[in-house]
Each structure stands twice: as structure tokens, then as C-alpha cells.
Amino acid sequence: MADEFQDPDFVAPRKDRLLREHVHVADRYPAGSVMLRGEFLQQHKQEVLNIARHQEALARAEHPLARIIEIKENEDGTLITTTDPHLARRIGEAVHHACAGELDFHYAEESNVLRVTWKR
């Protein structure tokens with residue numbers, strides 16, 4: 001008999017959430033994004049991206065499908081897209097905590113997407 005049937009405290013993951021996160025990864029449809037901007041970023045890009053990757057690893061330990069979809073450079077800065085809005089918030093807060101700067105959150109309730117902007 002499987003462990004989940006023997007353990008009275010076992011709570012199965014919600015299939016709708018797992019499916020939604022899988023679709024975000026497969027279709028590259030982000031549930032969160034982090035826009036990183038500023039001169040500090042240009043001088044310390046690798047350190048800032050290491051913070052983002054570390055936060056992804058920590059989040060994945062708790063939520064295996066929470067991940068960074070893509071890190072993309074554009075004329076505005078560096079855009080990190082995520083499968084989970086909580087991961088986007090976590091990355092933004094970690095970068096802000098480590099590097100200071102300005103941090104802004106914009107949550108679009110109708111689409112369930114969090115946009116985080118950090119600048120220094």
C-alpha cells in the first residue's frame with residue numbers, strides 16, 4: 001500500500017495547481033515577473049542573478065514546480081519570468097534585502113500575475 005494511504009496526515013498536492021504550474025513552464029506563460037534595472041545591476045549582474053537562482057532553489061525545495069522560466073536581457077534591464085507569483089515576490093524581496101534599491105509590486109488580480117520591479 002502506498003505511503004499516502006497509510007499516513008493519516010498526508011495531504012495530496014492540489015492537481016489544479018500542479019497542472020497550472022506545469023502549463024506555465026510548458027507554454028512559457030509567466031505567473032510572475034521580476035524586472036531588474038539600474039547601474040548597480042550592470043556592475044553586479046552575476047551576484048544579483050545568483051540571488052535569484054538561490055531563491056529559486058529554496059522555493060523548489062518546498063514547491064517543485066516553482067521555477068524560473070527565463071532570464072532575458074532587453075533595453076529596459078533584465079527580466080526574470082517565473083511559474084509562480086510567490087517566487088517572483090521572493091526573488092524581488094531577496095534582491096532588495098541584499099542590495100537595497102527601490103522595490104515595487106503590481107498584482108493584476110484579473111490575470112493572477114505579479115509584476116515586481118527592482119531598481120538601483
# chains A, B, ... in the order shown; residues from 1 in each chain; ligands from 1

$ residues_around --residues "segment 77-89 of chain A" --least-positions-apart "4" --cutoff "6 Å" --atoms "only C-alpha atoms" --output "list of chain:residue names"
A:Glu21, A:His24, A:Pro30, A:Ala31, A:Gly32, A:Ser33, A:Val34, A:Met35, A:Leu36, A:Arg37, A:Ala66, A:Arg67, A:Ile68, A:Ile69, A:Glu70, A:Ile71, A:Lys72, A:Glu73, A:Leu114

$ atom_distance --atom1 "atom CA of Ala59 of chain A" --atom2 "atom CA of Asp104 of chain A"
20.7 Å

$ atom_distance --atom1 "atom CA of Asn50 of chain A" --atom2 "atom CA of Tyr29 of chain A"
22.8 Å

$ closest_residue --among "A:Ala61, A:Cys99, A:Leu41, A:Val113" --to "Asp76 of chain A" --atoms "only C-alpha atoms"
A:Leu41

$ closest_residue --among "A:His54, A:Lys119, A:Ile91, A:Arg60" --to "Gln42 of chain A" --atoms "only C-alpha atoms"
A:Lys119

$ atom_distance --atom1 "atom CA of Ala57 of chain A" --atom2 "atom CA of Glu93 of chain A"
15.2 Å

$ select_by_dssp --residues "segment 32-107 of chain A" --states "alpha helix (DSSP H)" --output "count of residues only"
38

$ residues_around --residues "Leu103 of chain A" --least-positions-apart "6" --cutoff "8 Å" --atoms "only C-alpha atoms" --output "VMD selection string"
chain A and resid 92 to 93 96 116 to 119

$ closest_residue --among "A:Arg115, A:Leu65, A:Ala108, A:Arg90" --to "Arg53 of chain A" --atoms "only C-alpha atoms"
A:Arg90
